[in-house]
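Have a look at model_17.cif; it's mmCIF, C-alpha atoms; chains and numbers go by the auth columns:
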```
data_coords
loop_
_atom_site.group_PDB
_atom_site.id
_atom_site.type_symbol
_atom_site.label_atom_id
_atom_site.label_comp_id
_atom_site.label_asym_id
_atom_site.label_seq_id
_atom_site.Cartn_x
_atom_site.Cartn_y
_atom_site.Cartn_z
_atom_site.B_iso_or_equiv
_atom_site.auth_seq_id
_atom_site.auth_asym_id
ATOM 1 C CA ASP A 1 18.528 -3.827 -14.831 0.00 1 A
ATOM 2 C CA VAL A 2 17.176 -1.043 -12.628 0.00 2 A
ATOM 3 C CA ASP A 3 13.816 -0.962 -14.416 0.00 3 A
ATOM 4 C CA LYS A 4 13.150 -4.545 -13.335 0.00 4 A
ATOM 5 C CA LEU A 5 13.903 -3.682 -9.703 0.00 5 A
ATOM 6 C CA VAL A 6 11.713 -0.587 -9.782 0.00 6 A
ATOM 7 C CA ARG A 7 8.734 -2.664 -10.903 0.00 7 A
ATOM 8 C CA GLY A 8 8.953 -4.529 -7.611 0.00 8 A
ATOM 9 C CA LYS A 9 8.502 -7.998 -9.041 0.00 9 A
ATOM 10 C CA TYR A 10 9.288 -10.692 -6.494 0.00 10 A
ATOM 11 C CA GLN A 11 11.621 -12.751 -8.708 0.00 11 A
ATOM 12 C CA ASP A 12 13.737 -9.782 -9.854 0.00 12 A
ATOM 13 C CA ASN A 13 14.147 -8.456 -6.326 0.00 13 A
ATOM 14 C CA LEU A 14 14.979 -11.915 -5.006 0.00 14 A
ATOM 15 C CA GLU A 15 17.701 -12.326 -7.627 0.00 15 A
ATOM 16 C CA MET A 16 19.164 -8.925 -6.694 0.00 16 A
ATOM 17 C CA LEU A 17 19.182 -9.818 -2.998 0.00 17 A
ATOM 18 C CA GLN A 18 20.856 -13.144 -3.751 0.00 18 A
ATOM 19 C CA TRP A 19 23.541 -11.341 -5.741 0.00 19 A
ATOM 20 C CA ILE A 20 24.119 -8.845 -2.909 0.00 20 A
ATOM 21 C CA LYS A 21 24.364 -11.689 -0.375 0.00 21 A
ATOM 22 C CA THR A 22 26.878 -13.546 -2.548 0.00 22 A
ATOM 23 C CA TYR A 23 28.924 -10.367 -3.020 0.00 23 A
ATOM 24 C CA PHE A 24 28.887 -9.751 0.735 0.00 24 A
ATOM 25 C CA ASP A 25 29.952 -13.329 1.497 0.00 25 A
ATOM 26 C CA ARG A 26 32.858 -13.070 -0.941 0.00 26 A
ATOM 27 C CA THR A 27 34.136 -9.631 0.068 0.00 27 A
ATOM 28 C CA TYR A 28 33.445 -9.220 3.790 0.00 28 A
ATOM 29 C CA ALA A 29 36.421 -10.292 5.875 0.00 29 A
ATOM 30 C CA GLY A 30 34.463 -10.509 9.120 0.00 30 A
ATOM 31 C CA ASP A 31 36.316 -7.719 10.898 0.00 31 A
ATOM 32 C CA GLY A 32 34.528 -4.940 12.771 0.00 32 A
ATOM 33 C CA TYR A 33 33.419 -1.757 11.093 0.00 33 A
ATOM 34 C CA ASP A 34 33.661 1.583 12.888 0.00 34 A
ATOM 35 C CA ALA A 35 31.674 3.983 10.715 0.00 35 A
ATOM 36 C CA PRO A 36 32.515 7.292 12.470 0.00 36 A
ATOM 37 C CA SER A 37 36.253 6.644 12.410 0.00 37 A
ATOM 38 C CA ARG A 38 36.048 5.672 8.723 0.00 38 A
ATOM 39 C CA ARG A 39 34.008 8.761 7.815 0.00 39 A
ATOM 40 C CA PHE A 40 36.009 11.343 9.686 0.00 40 A
ATOM 41 C CA SER A 41 39.532 9.954 9.328 0.00 41 A
ATOM 42 C CA PRO A 42 41.916 12.333 7.544 0.00 42 A
ATOM 43 C CA VAL A 43 43.437 9.378 5.663 0.00 43 A
ATOM 44 C CA LEU A 44 41.655 8.025 2.617 0.00 44 A
ATOM 45 C CA PRO A 45 41.684 4.323 1.839 0.00 45 A
ATOM 46 C CA GLU A 46 43.849 3.257 -1.105 0.00 46 A
ATOM 47 C CA TRP A 47 40.890 2.768 -3.457 0.00 47 A
ATOM 48 C CA ALA A 48 39.608 6.303 -2.776 0.00 48 A
ATOM 49 C CA SER A 49 42.876 8.186 -3.186 0.00 49 A
ATOM 50 C CA GLY A 50 42.985 7.551 -6.959 0.00 50 A
ATOM 51 C CA GLY A 51 45.611 8.884 -9.319 0.00 51 A
ATOM 52 C CA ALA A 52 47.049 12.388 -9.657 0.00 52 A
ATOM 53 C CA GLY A 53 44.431 14.939 -10.628 0.00 53 A
ATOM 54 C CA ASP A 54 41.380 12.776 -9.958 0.00 54 A
ATOM 55 C CA GLY A 55 39.692 15.654 -8.172 0.00 55 A
ATOM 56 C CA GLY A 56 36.810 13.499 -6.957 0.00 56 A
ATOM 57 C CA SER A 57 38.058 11.870 -3.787 0.00 57 A
ATOM 58 C CA GLY A 58 35.240 13.272 -1.686 0.00 58 A
ATOM 59 C CA GLY A 59 37.175 13.335 1.565 0.00 59 A
ATOM 60 C CA PRO A 60 39.938 15.171 3.412 0.00 60 A
ATOM 61 C CA ARG A 61 43.544 14.372 2.502 0.00 61 A
ATOM 62 C CA PRO A 62 46.453 14.325 4.900 0.00 62 A
ATOM 63 C CA SER A 63 48.430 17.522 4.896 0.00 63 A
ATOM 64 C CA THR A 64 51.953 16.868 3.598 0.00 64 A
ATOM 65 C CA GLY A 65 52.939 20.440 2.798 0.00 65 A
ATOM 66 C CA ASN A 66 52.979 19.799 -0.938 0.00 66 A
ATOM 67 C CA SER A 67 49.607 18.737 -2.313 0.00 67 A
ATOM 68 C CA VAL A 68 51.076 17.170 -5.460 0.00 68 A
ATOM 69 C CA SER A 69 53.671 14.911 -3.824 0.00 69 A
ATOM 70 C CA ARG A 70 52.787 11.314 -3.039 0.00 70 A
ATOM 71 C CA PRO A 71 54.503 9.025 -0.533 0.00 71 A
ATOM 72 C CA ALA A 72 56.778 6.358 -1.937 0.00 72 A
ATOM 73 C CA SER A 73 55.065 3.083 -2.731 0.00 73 A
ATOM 74 C CA GLY A 74 54.916 0.751 0.241 0.00 74 A
ATOM 75 C CA THR A 75 54.998 3.578 2.806 0.00 75 A
ATOM 76 C CA ARG A 76 52.033 5.023 4.624 0.00 76 A
ATOM 77 C CA PRO A 77 51.438 8.789 4.631 0.00 77 A
ATOM 78 C CA HIS A 78 51.855 10.660 7.904 0.00 78 A
ATOM 79 C CA VAL A 79 48.658 10.390 9.956 0.00 79 A
ATOM 80 C CA PRO A 80 48.109 12.856 12.802 0.00 80 A
ATOM 81 C CA SER A 81 47.411 11.162 16.113 0.00 81 A
ATOM 82 C CA ARG A 82 44.136 13.071 16.504 0.00 82 A
ATOM 83 C CA PRO A 83 41.753 14.221 13.819 0.00 83 A
ATOM 84 C CA THR A 84 41.521 17.954 13.344 0.00 84 A
ATOM 85 C CA PRO A 85 38.666 19.559 15.312 0.00 85 A
ATOM 86 C CA SER A 86 36.851 20.700 12.173 0.00 86 A
ATOM 87 C CA ARG A 87 36.518 17.095 10.955 0.00 87 A
ATOM 88 C CA THR A 88 34.997 15.353 13.980 0.00 88 A
ATOM 89 C CA PRO A 89 31.220 15.099 14.271 0.00 89 A
ATOM 90 C CA GLY A 90 31.131 16.177 17.891 0.00 90 A
ATOM 91 C CA ASN A 91 33.105 19.358 17.347 0.00 91 A
ATOM 92 C CA MET A 92 31.392 20.746 14.299 0.00 92 A
ATOM 93 C CA SER A 93 30.470 23.913 16.132 0.00 93 A
ATOM 94 C CA GLY A 94 33.721 24.371 18.037 0.00 94 A
ATOM 95 C CA GLY A 95 32.782 22.126 20.970 0.00 95 A
ATOM 96 C CA VAL A 96 29.606 24.022 21.893 0.00 96 A
ATOM 97 C CA GLY A 97 26.244 22.358 21.333 0.00 97 A
ATOM 98 C CA ASN A 98 27.561 18.841 20.839 0.00 98 A
ATOM 99 C CA ARG A 99 24.332 17.342 22.151 0.00 99 A
ATOM 100 C CA GLY A 100 22.298 19.628 19.909 0.00 100 A
ATOM 101 C CA VAL A 101 24.155 18.486 16.809 0.00 101 A
ATOM 102 C CA VAL A 102 23.806 14.823 17.773 0.00 102 A
ATOM 103 C CA ALA A 103 20.101 15.308 18.518 0.00 103 A
ATOM 104 C CA GLU A 104 19.604 17.078 15.193 0.00 104 A
ATOM 105 C CA LEU A 105 21.465 14.286 13.418 0.00 105 A
ATOM 106 C CA GLU A 106 19.279 11.663 15.099 0.00 106 A
ATOM 107 C CA GLY A 107 16.167 13.659 14.186 0.00 107 A
ATOM 108 C CA LEU A 108 17.265 13.816 10.558 0.00 108 A
ATOM 109 C CA ARG A 109 17.985 10.077 10.545 0.00 109 A
ATOM 110 C CA ASP A 110 14.530 9.347 11.969 0.00 110 A
ATOM 111 C CA GLU A 111 12.901 11.603 9.381 0.00 111 A
ATOM 112 C CA HIS A 112 14.951 9.946 6.639 0.00 112 A
ATOM 113 C CA GLU A 113 13.801 6.477 7.752 0.00 113 A
ATOM 114 C CA ARG A 114 10.200 7.656 7.962 0.00 114 A
ATOM 115 C CA LEU A 115 10.361 9.125 4.466 0.00 115 A
ATOM 116 C CA ARG A 116 12.013 5.977 3.113 0.00 116 A
ATOM 117 C CA ASP A 117 9.236 3.858 4.605 0.00 117 A
ATOM 118 C CA GLU A 118 6.659 6.199 3.102 0.00 118 A
ATOM 119 C CA VAL A 119 8.286 5.920 -0.337 0.00 119 A
ATOM 120 C CA VAL A 120 8.281 2.115 -0.073 0.00 120 A
ATOM 121 C CA ASP A 121 4.592 2.158 0.899 0.00 121 A
ATOM 122 C CA LEU A 122 3.782 4.456 -2.019 0.00 122 A
ATOM 123 C CA LYS A 123 5.684 2.225 -4.453 0.00 123 A
ATOM 124 C CA ILE A 124 3.744 -0.795 -3.214 0.00 124 A
ATOM 125 C CA THR A 125 0.491 1.133 -3.630 0.00 125 A
ATOM 126 C CA VAL A 126 1.424 2.208 -7.160 0.00 126 A
ATOM 127 C CA ASP A 127 2.353 -1.364 -8.064 0.00 127 A
ATOM 128 C CA GLY A 128 -1.002 -2.605 -6.794 0.00 128 A
ATOM 129 C CA LEU A 129 -2.868 0.104 -8.682 0.00 129 A
ATOM 130 C CA GLU A 130 -0.990 -0.681 -11.890 0.00 130 A
ATOM 131 C CA THR A 131 -1.854 -4.362 -11.529 0.00 131 A
ATOM 132 C CA GLU A 132 -5.508 -3.517 -10.956 0.00 132 A
ATOM 133 C CA ARG A 133 -5.510 -1.120 -13.923 0.00 133 A
ATOM 134 C CA ASP A 134 -4.057 -3.818 -16.165 0.00 134 A
ATOM 135 C CA PHE A 135 -6.632 -6.327 -14.902 0.00 135 A
ATOM 136 C CA TYR A 136 -9.586 -4.069 -15.744 0.00 136 A
ATOM 137 C CA PHE A 137 -8.049 -2.982 -19.021 0.00 137 A
ATOM 138 C CA GLN A 138 -7.868 -6.647 -20.041 0.00 138 A
ATOM 139 C CA LYS A 139 -11.548 -7.079 -19.155 0.00 139 A
ATOM 140 C CA LEU A 140 -12.396 -4.061 -21.310 0.00 140 A
ATOM 141 C CA ARG A 141 -10.280 -5.441 -24.140 0.00 141 A
ATOM 142 C CA ASP A 142 -12.101 -8.797 -23.919 0.00 142 A
ATOM 143 C CA ILE A 143 -15.471 -7.036 -24.178 0.00 143 A
ATOM 144 C CA GLU A 144 -14.182 -5.082 -27.171 0.00 144 A
ATOM 145 C CA ILE A 145 -13.123 -8.353 -28.854 0.00 145 A
ATOM 146 C CA LEU A 146 -16.593 -9.800 -28.176 0.00 146 A
ATOM 147 C CA CYS A 147 -18.220 -6.756 -29.801 0.00 147 A
ATOM 148 C CA GLN A 148 -15.916 -6.937 -32.821 0.00 148 A
ATOM 149 C CA ALA A 149 -16.642 -10.652 -33.228 0.00 149 A
ATOM 150 C CA LEU A 150 -20.376 -10.020 -33.157 0.00 150 A
ATOM 151 C CA GLU A 151 -19.989 -7.146 -35.583 0.00 151 A
ATOM 152 C CA ALA A 152 -17.965 -9.258 -38.039 0.00 152 A
ATOM 153 C CA HIS A 153 -20.261 -12.290 -37.744 0.00 153 A
ATOM 154 C CA PRO A 154 -23.742 -11.200 -36.628 0.00 154 A
ATOM 155 C CA ASP A 155 -25.677 -13.832 -34.722 0.00 155 A
ATOM 156 C CA PRO A 156 -29.408 -13.750 -35.602 0.00 156 A
ATOM 157 C CA ASN A 157 -30.219 -15.386 -32.252 0.00 157 A
ATOM 158 C CA MET A 158 -28.339 -12.709 -30.228 0.00 158 A
ATOM 159 C CA THR A 159 -30.592 -10.606 -28.042 0.00 159 A
ATOM 160 C CA VAL A 160 -29.769 -7.734 -25.746 0.00 160 A
ATOM 161 C CA GLY A 161 -30.214 -10.043 -22.757 0.00 161 A
ATOM 162 C CA LYS A 162 -27.780 -12.606 -24.171 0.00 162 A
ATOM 163 C CA PHE A 163 -25.255 -9.858 -24.952 0.00 163 A
ATOM 164 C CA VAL A 164 -25.523 -8.490 -21.402 0.00 164 A
ATOM 165 C CA ASP A 165 -25.032 -12.022 -20.043 0.00 165 A
ATOM 166 C CA ASN A 166 -21.873 -12.430 -22.165 0.00 166 A
ATOM 167 C CA VAL A 167 -20.485 -9.098 -20.939 0.00 167 A
ATOM 168 C CA GLN A 168 -21.244 -9.976 -17.328 0.00 168 A
ATOM 169 C CA ARG A 169 -19.542 -13.368 -17.708 0.00 169 A
ATOM 170 C CA ILE A 170 -16.416 -11.593 -18.955 0.00 170 A
ATOM 171 C CA LEU A 171 -16.539 -9.055 -16.132 0.00 171 A
ATOM 172 C CA TYR A 172 -17.004 -11.665 -13.420 0.00 172 A
ATOM 173 C CA ALA A 173 -14.726 -14.368 -14.847 0.00 173 A
ATOM 174 C CA LYS A 174 -12.289 -15.557 -12.184 0.00 174 A
ATOM 175 C CA ASP A 175 -9.270 -16.330 -14.384 0.00 175 A
ATOM 176 C CA GLU A 176 -7.988 -15.792 -17.904 0.00 176 A
ATOM 177 C CA ASP A 177 -9.059 -19.246 -19.132 0.00 177 A
ATOM 178 C CA ASP A 178 -12.698 -18.421 -18.358 0.00 178 A
ATOM 179 C CA GLU A 179 -12.390 -15.082 -20.171 0.00 179 A
ATOM 180 C CA GLU A 180 -10.776 -16.631 -23.256 0.00 180 A
ATOM 181 C CA ALA A 181 -13.485 -19.286 -23.480 0.00 181 A
ATOM 182 C CA LEU A 182 -16.170 -16.616 -23.274 0.00 182 A
ATOM 183 C CA VAL A 183 -14.589 -14.350 -25.877 0.00 183 A
ATOM 184 C CA ASP A 184 -13.785 -17.162 -28.337 0.00 184 A
ATOM 185 C CA GLY A 185 -17.189 -18.774 -28.175 0.00 185 A
ATOM 186 C CA TYR A 186 -19.260 -15.821 -26.946 0.00 186 A
ATOM 187 C CA PRO A 187 -21.802 -18.215 -25.422 0.00 187 A
ATOM 188 C CA GLY A 188 -25.367 -17.227 -25.575 0.00 188 A
#
```
What does this structure look like when you write it as structure tokens?
Amino acid sequence: DVDKLVRGKYQDNLEMLQWIKTYFDRTYAGDGYDAPSRRFSPVLPEWASGGAGDGGSGGPRPSTGNSVSRPASGTRPHVPSRPTPSRTPGNMSGGVGNRGVVAELEGLRDEHERLRDEVVDLKITVDGLETERDFYFQKLRDIEILCQALEAHPDPNMTVGKFVDNVQRILYAKDEDDEEALVDGYPG
């Protein structure tokens, strides 16, 4: 459940990481991975080619002259020995400014990482603020319960000083057991 992961709870995130690790262990064959050749290859993997009319392959297809025809099962489509110049990352601008494109790409990657780190920091901050908000809301709720209890069953021995002491005990209680004992018995 995505909502559980967004909350950033330790147990939920740990379970997700364990699932990802198990999936990786079961599916990764241990062979090398060459990202640029996979991204800019004119041949799509079998799982990405889909059926006729899928329209959502997201990558270049090999040119066979007839876009509808498919190779016979068990045969590989014709793969050019070199990728076309318009598909390689280094030749995006016709061979001129290769270093500029690579530098821009690296700059964008750095900015992306920086922004991702900033988002993670902000999520951690929001989680901490939500926890603190809930903590103080519970204190306020405990004081409200104390007031309602005194209103329902007035104590003739209750003075302003005793009431202030009860409120301060709730505010400065270290854990929930202390707060519950104070609200239930509203000591005086």
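Here CA of Leu17 in chain A and CA of Arg109 in chain A stand 24.1 Å from one another.
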**Fill in**
Restricting to all atoms listed in the file, whichever of A:Asp155, A:Phe135, A:Val6, A:Val43 is closest to Val119 in chain A is A:Val6
**Prompt:** Taking into account all atoms listed in the file, which residue in the set A:Asn98, A:Ile170, A:Leu108, A:Arg114 is nearest to Tyr136 in chain A?
**Reply:**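 Among the listed residues, A:Ile170 lies closest to Tyr136 in chain A.
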**Fill in**
In Å and to one decimal, CA of Lys174 in chain A is distant from CA of Gln138 in chain A by 12.7 Å
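Atom pair CA of Cys147 in chain A / CA of Gly128 in chain A has a distance of 29.0 Å (rounded to one decimal).
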**Request:** Could you tell me which residues the PyMOL selection byres ((chain A and resi 139) around 10) grabs in this file, written as a PyMOL selection string?
**Result:** chain A and resi 133-138+140-145+167+170-173+176+179
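Ranking A:Leu146, A:His153, A:Glu130, A:Glu113 by their shortest atom-to-atom distance to Arg7 in chain A, with all atoms listed in the file included, puts A:Glu130 first.
Closest approach to Thr131 in chain A from the set A:Gly8, A:Asn166, A:Pro45, A:Gln148 is made by A:Gly8, with distances taken over only C-alpha atoms.
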